Amino acid sequence: MPDTGTGGRIARALELRDRSAFRTLCEGVHPSDLAEWLSGTEDDAVLRALDWLPAEAAADVFSRLDLARQAGLAARAGAELPARLLAGMDADDRTDLIQAVSEPERARLLALLDAEDRAETERLAAYPEGSVGAEMSTEFAAVPQGLTIREALGQIRAQMPSREGVYYVYATDERGRLAGFLSLRDLVMVPLNRRVSEAMHRDVVSVRADDDLRLAVEKVKEYDLAVLPVVQAGGRLVGMITIDDVLDVEQQVATEDFHKLGSVISVAQPLGAAPIRILYRARIPWLLALVGVNIFSGAGIAYFEETIQAMVVLVFFLPLLIDSGGNAGAQSATLVVRALATGDIRPGDWRRLLLRELALAAALGLAMTVPAAALGAWRGGAVVAAVVGLTMFCVVLAGSLMGLCLPFLLTRLKLDPATASSPLVTSLTDIAGVLIFFGIARRLTGL
Amino acid sequence: MEDIPALGTIRDWLARGDRAAFVAFSADRHPENLAAAFAGLGDDDLWAALDALDPDVAADVFSRLDEPRQEELARTRNPERVVDRVSRLDADDRTDLMKRLDPETRERLIGRMRPEDRAEFEALSAYPEHSVGSVMSTEVAAVPDRLTAGAALNLIRLEAPRGEAIYQVFVLDSRSRLIGVVPLKDLLLADPARPISELLRKGVATVRATDDRETAVERVREYDLAVLPVVDSRGVLLGIVTVDDVLDVQEEENTEDFQKIASIRSVTAGLGEAGLATLFVARLPWLLVLVLVNVFAGAGIAFYERTIERAVSLVFFLPLLIAASGNAGAQSATLMVRALSTGDVELRDWFRLLLRESLTASALGLTMGAAVWGIGWWRGGPEVAAIVALTMVCVVVTGSLIGMGLPVALTRIRLDPAAASVPLVTSFADISGILIYFGLATRMLGL
């Protein structure tokens with residue numbers, strides 16, 4: 001773990017404008033730590049730090065700051081420093097920044113780039129959000145397959161990207177199409193006079209730049225890859241997706257699903273920084289929609305008003321019974337939604353799972369009946385015990401089935417299964433619970 | 001996906017001993033695809049197929065089969081054969097498989113392992129579950145700090161570590177303590193006569209073997225690493241965690257969080273295969289605990305029984321109000337639990353977050369209050385409308401604060417914040433909702 005003492009000393013060196021102390025302190029500090037310390041520092045000090053760091057390190061640290069902070073710093077810094085930072089950044093990070101700033105600023109920053117970088121940035125910016133192209137890195141090493149390993153090494157020496165996590169050298173045919181790959185391990189192990197085409201692996205898995213990013217995530221996970229090459233429609237190699245990108249995407253997707261399961265419309269920015277307005281908008285639609293659903297529970301109660309009036313003691317059990325159904329439903333729905341998301345189960349599995357869920361819910365229902373009936377006997381005697389016990393069994397069954405089926409149903413309708421949030425399942429189960437409870441009560445007590 | 005020949009065809013090749021056809025089929029295929037193609041074969045045919053492959057490829061294919069299938073194969077074949085295949089697996093995969101086997105098979109295999117493999121298995125399996133040590137691999141590329149680049153490369157050629165391990169070469173001092181890292185690509189491209197100490201990058205992020213494995217996930221994500229070194233308390237290099245393991249850990253941890261927030265005790269088996277008993281045991285405890293909590297909701301109702309008897313129409317709004325309270329709480333809890341787990345918010349922020357939550361919840365509550373005011377008027381006139389609307393504002397605020405506060409409080413007392421599950425928050429919100437609703441009604445109606 002980075003020790004905060006160094007962070008404090010670096011801050012002081014910046015404050016005192018002590019350049020040599022700053023450079024000494026930064027030696028052996030990971031860019032990620034430096035970025036974290038700098039993110040809590042004034043703009044002027046950060047700009048000074050970026051100016052003092054060696055070009056490559058400065059670009060690396062700058063890329064790790066928040067996009068909004070990057071944009072703010074670039075806007076304040078004039079021309080010379082941003083030009084240096086932009087030139088040193090990875091193409092994908094550079095494109096992210098260019099896309100995050102306003103129109104006139106974008107033109108200004110693009111003008112700071114050399115022709116080649118500008119063309120590349122504009123090309124990357126054209127890929128839609130959520131596509132492989134928008135996330136891919138263009139710093140890969142590629143060699144013609146006709147070279148020998150020795151020649152290939154010479155060529156790679158010239159073009160080897162600075163980025164860490166480059167473990168593969170791709171082999172291309174005479175038209176730039178992806179033909180195979182060599183790992184760095186192969187370059188170490190294979191005799192130098194063999195041809196790339198003889199030594200390379202041909203079982204190369206790739207994605208297309210216009211594919212959905214989720215497809216790349218699936219392939220990386222399925223094939224256990226560290227790097228996934230990206231090709232254009234014709235098979236030309238244009239970039240790569242690395243597994244650390246995949247980790248981030250994966251985490252974002254899980255967070256979205258989490259929020260949906262809590263019936264929150266996904267909040268894209270970090271929760272700590274989200275303003276009230278954004279949170280309000282993310283939460284109010286579902287809260288209101290669920291009021292609509294809950295009116296039906298009220299209607300159910302209105303329908304049974306006479307029964308209730310005759311036996312007010314029943315109301316005592318109302319929260320217990322409808323909650324238990326909802327809780328069982330929330331459990332089933334969450335299990336199914338997550339398993340669908342990780343590919344553990346498939347939409348076609350519902351029939352098999354339904355049978356198991358029936359047996360499981362019956363077992364859970366029976367186990368829940370015991371305490372419910374005991375409570376009923378204590379509060380209201382034998383009849384109430386029977387009503388409450390029987391209702392408990394039925395609502396756990398109904399809730400579990402609702403929780404299991406809703407995600408599958410949503411998938412069938414081509415909607416996101418994670419919409420089957422715990423609150424939605426709970427509210428739907430409440431309606432069923434009210435009807436079952438008072439229905440059974442009326443029948444058993446003859447009221 | 002790729003077209004794979006029918007199982008019958010593969011079986012045919014194996015039966016006829018048609019090596020040429022089998023080799024032609026398997027040569028350029030990714031091990032993942034081979035594993036998929038072989039999955040339908042019987043145990044004998046599958047072993048025959050594995051035997052016909054290059055031993056290292058066979059081990060790779062083996063590690064990509066379903067876990068239950070791996071275990072079955074390990075049980076059915078004679079131990080020498082199994083040990084030969086298993087010894088070629090990555091150390092962490094090997095430990096994982098050995099741990100899953102029944103004790104008898106495991107003992108049989110351990111007895112035939114190479115002494116170094118056996119020692120490694122014993123060392124790794126001693127680490128507690130969920131620790132970094134339990135997911136690390138001990139196969140590393142490490143060199144002493146006094147070598148030249150060329151000598152270091154030769155040493156690595158001899159050791160030839162498997163998989164991703166080779167891409168980061170760790171540099172150790174005379175007491176095996178980690179002092180820095182040289183990416184393989186730097187070593188490969190450097191002048192062979194240069195001393196390692198000049199290529200060395202210091203400031204390496206590390207984890208301890210005894211840390212929680214989530215620490216490894218965080219560090220790999222934070223520092224964008226592909227290989228994370230694991231050290232002991234003195235800084236001696238023990239092994240590495242590779243990013244593909246981290247991806248798996250991340251997915252598992254996410255799934256656990258999903259389950260916890262729906263009040264399910266962790267189900268480690270895939271949902272598709274999990275047995276009835278496993279699911280029953282995972283779901284029942286919390287359902288029963290929540291029954292207990294809900295008894296308090298019933299007690300709240302019992303306390304206001306006379307109010308209810310005089311104005312039964314109040315019950316109409318009960319599910320609506322307590323559900324709204326629970327739903328708002330579920331939203332807050334979901335946002336908070338997820339943000340704590342991804343590190344988006346930090347505990348010391350709690351006061352600011354509480355303030356923001358109060359404001360957000362007030363805005364939500366006012367909107368919701370306005371929405372139910374109309375329904376209240378329609379069902380019960382102006383007085384009921386006022387009670388219902390006022391209750392709505394109060395319960396949405398209370399529910400939200402419970403939802404936000406519970407995970408924070410749990411973290412404070414060093415419990416897992418995800419235990420603040422949606423059902424638990426809902427149940428607490430119910431109790432407070434009932435007390436607020438009938439309390440307000442009793443006062444305002446003068447009952």
# chains A, B, ... in the order shown; residues from 1 in each chain; ligands from 1
call {"tool": "interface_residues", "arguments": {"of": "chain B", "to": "chain A", "cutoff": "6 Å", "atoms": "only C-alpha atoms", "output": "JSON, numbers by chain"}}
result
{"B": [28, 29, 30, 32, 189, 202, 203, 223, 224, 262, 270, 272, 294, 298, 301, 302, 316, 317, 320, 327, 330, 331, 334, 344, 345, 360, 423]}
call {"tool": "write_last_selection", "arguments": {"atoms": "N, CA and C atoms", "output": "short mmCIF file (atom, residue, chain, number, x, y, z; two decimals), in the first residue's frame"}}
result
data_model
loop_
_atom_site.label_atom_id
_atom_site.label_comp_id
_atom_site.auth_asym_id
_atom_site.auth_seq_id
_atom_site.Cartn_x
_atom_site.Cartn_y
_atom_site.Cartn_z
N ASP B 28 -5.51 -26.66 -34.97
CA ASP B 28 -5.67 -25.21 -34.95
C ASP B 28 -6.87 -24.78 -34.14
N ARG B 29 -7.30 -25.61 -33.23
CA ARG B 29 -8.47 -25.22 -32.48
C ARG B 29 -8.10 -24.76 -31.08
N HIS B 30 -8.83 -23.80 -30.60
CA HIS B 30 -8.59 -23.30 -29.25
C HIS B 30 -8.98 -24.37 -28.24
N GLU B 32 -10.49 -24.20 -25.57
CA GLU B 32 -11.87 -24.02 -25.11
C GLU B 32 -12.83 -24.74 -26.05
N LEU B 189 13.84 -7.10 -25.27
CA LEU B 189 14.29 -6.10 -26.23
C LEU B 189 15.57 -5.39 -25.79
N LYS B 202 10.88 -0.10 -9.79
CA LYS B 202 10.56 -0.26 -8.36
C LYS B 202 9.13 0.18 -8.10
N GLY B 203 8.73 0.18 -6.85
CA GLY B 203 7.37 0.60 -6.54
C GLY B 203 6.35 -0.37 -7.06
N TYR B 223 -4.25 -0.76 -10.23
CA TYR B 223 -2.95 -0.58 -10.87
C TYR B 223 -2.90 -1.14 -12.28
N ASP B 224 -4.04 -1.64 -12.79
CA ASP B 224 -4.05 -2.21 -14.14
C ASP B 224 -2.97 -3.25 -14.34
N ALA B 262 -30.16 -10.13 -1.27
CA ALA B 262 -31.49 -10.72 -1.30
C ALA B 262 -31.67 -11.67 -0.11
N GLY B 270 -22.98 -23.47 -9.10
CA GLY B 270 -23.78 -22.78 -10.10
C GLY B 270 -25.25 -23.03 -9.82
N GLY B 272 -27.65 -23.51 -11.74
CA GLY B 272 -28.20 -24.58 -12.57
C GLY B 272 -28.06 -25.94 -11.92
N ASN B 294 -40.68 -9.46 11.65
CA ASN B 294 -42.04 -9.07 11.28
C ASN B 294 -43.03 -9.20 12.42
N GLY B 298 -46.25 -6.88 13.56
CA GLY B 298 -47.55 -7.30 14.07
C GLY B 298 -47.84 -6.68 15.43
N ILE B 301 -49.11 -3.28 15.10
CA ILE B 301 -50.53 -3.28 14.73
C ILE B 301 -51.40 -3.58 15.94
N ALA B 302 -50.97 -4.58 16.73
CA ALA B 302 -51.75 -4.94 17.92
C ALA B 302 -51.89 -3.74 18.85
N PHE B 316 -56.74 -0.25 4.29
CA PHE B 316 -56.64 -0.18 2.83
C PHE B 316 -55.29 0.37 2.39
N PHE B 317 -54.80 1.38 3.11
CA PHE B 317 -53.56 2.03 2.70
C PHE B 317 -52.31 1.40 3.29
N LEU B 320 -49.74 -0.25 0.85
CA LEU B 320 -49.19 0.81 0.02
C LEU B 320 -48.11 1.59 0.76
N ASN B 327 -39.61 0.04 -0.22
CA ASN B 327 -39.00 0.22 -1.53
C ASN B 327 -37.95 1.32 -1.52
N ALA B 330 -35.02 -0.06 0.16
CA ALA B 330 -34.31 -1.02 -0.69
C ALA B 330 -33.41 -0.28 -1.68
N GLN B 331 -33.92 0.81 -2.23
CA GLN B 331 -33.11 1.58 -3.17
C GLN B 331 -31.85 2.13 -2.49
N THR B 334 -29.38 -0.68 -1.62
CA THR B 334 -28.71 -1.22 -2.79
C THR B 334 -27.60 -0.29 -3.26
N ASP B 344 -16.61 3.05 -4.11
CA ASP B 344 -17.08 4.33 -4.63
C ASP B 344 -17.27 5.37 -3.53
N VAL B 345 -17.70 4.90 -2.36
CA VAL B 345 -17.85 5.82 -1.24
C VAL B 345 -17.02 5.29 -0.09
N THR B 360 -32.49 14.07 -0.53
CA THR B 360 -33.06 13.26 -1.62
C THR B 360 -34.36 12.62 -1.17
N PRO B 423 -34.65 -7.51 1.92
CA PRO B 423 -35.72 -7.96 2.81
C PRO B 423 -35.56 -7.46 4.25
#
call {"tool": "closest_atom_pairs", "arguments": {"of": "range 32-103 of chain B", "to": "range 116-125 of chain B", "cutoff": "8 Å", "atoms": "only C-alpha atoms", "output": "JSON lines"}}
result
{"residue": "B:Ser87", "atom": "CA", "partner": "B:Asp117", "partner_atom": "CA", "distance": 7.3}
{"residue": "B:Ala91", "atom": "CA", "partner": "B:Phe121", "partner_atom": "CA", "distance": 7.8}
{"residue": "B:Arg94", "atom": "CA", "partner": "B:Phe121", "partner_atom": "CA", "distance": 7.9}
{"residue": "B:Thr95", "atom": "CA", "partner": "B:Phe121", "partner_atom": "CA", "distance": 5.7}
{"residue": "B:Lys99", "atom": "CA", "partner": "B:Ser125", "partner_atom": "CA", "distance": 7.5}
call {"tool": "residues_around", "arguments": {"residues": "Phe428 in chain B", "least_positions_apart": "3", "cutoff": "10 Å", "atoms": "only C-alpha atoms", "output": "ChimeraX atom specification"}}
result
/B:290,293-294,296-297,322,325-326,329,398-399,402-403,406,423-425,431-433
call {"tool": "residues_around", "arguments": {"residues": "range 230-235 of chain A", "least_positions_apart": "4", "cutoff": "6 Å", "atoms": "only C-alpha atoms", "output": "ChimeraX atom specification"}}
result
/A:177,206-209,239-240
call {"tool": "select_by_dssp", "arguments": {"residues": "range 137-196 of chain B", "states": "helix (DSSP H, G or I)", "output": "NGL selection string"}}
result
:B and (149-159 or 163-167 or 184-189 or 196)
call {"tool": "write_last_selection", "arguments": {"atoms": "C-alpha atoms", "output": "tab-separated table (two decimals), in the first residue's frame"}}
result
chain	number	residue	atom	x	y	z
B	149	ALA	CA	19.50	-9.10	-19.09
B	150	GLY	CA	20.89	-11.91	-21.21
B	151	ALA	CA	21.62	-14.15	-18.22
B	152	ALA	CA	18.19	-13.44	-16.79
B	153	LEU	CA	16.56	-14.42	-20.07
B	154	ASN	CA	18.51	-17.69	-20.13
B	155	LEU	CA	17.43	-18.45	-16.59
B	156	ILE	CA	13.81	-17.89	-17.57
B	157	ARG	CA	14.20	-20.13	-20.61
B	158	LEU	CA	15.33	-22.89	-18.26
B	159	GLU	CA	12.57	-22.37	-15.72
B	163	GLY	CA	0.87	-19.21	-18.48
B	164	GLU	CA	0.87	-15.52	-17.69
B	165	ALA	CA	3.56	-15.97	-15.04
B	166	ILE	CA	6.31	-15.43	-17.57
B	167	TYR	CA	5.31	-11.89	-18.57
B	184	LEU	CA	9.45	-9.68	-20.12
B	185	LYS	CA	9.18	-7.46	-23.16
B	186	ASP	CA	11.81	-5.06	-21.74
B	187	LEU	CA	14.09	-8.00	-21.04
B	188	LEU	CA	13.54	-9.36	-24.52
B	189	LEU	CA	14.29	-6.10	-26.23
B	196	ILE	CA	19.06	-6.10	-14.60
call {"tool": "residues_around", "arguments": {"residues": "Ile179 in chain B", "least_positions_apart": "2", "cutoff": "10 Å", "atoms": "only C-alpha atoms", "output": "list of chain:residue names"}}
result
B:Pro144, B:Asp145, B:Phe170, B:Val171, B:Leu172, B:Asp173, B:Ser176, B:Arg177, B:Val181, B:Ser197, B:Leu200, B:Arg201, B:Lys202, B:Gly203, B:Val204, B:Gly235, B:Val236, B:Leu237
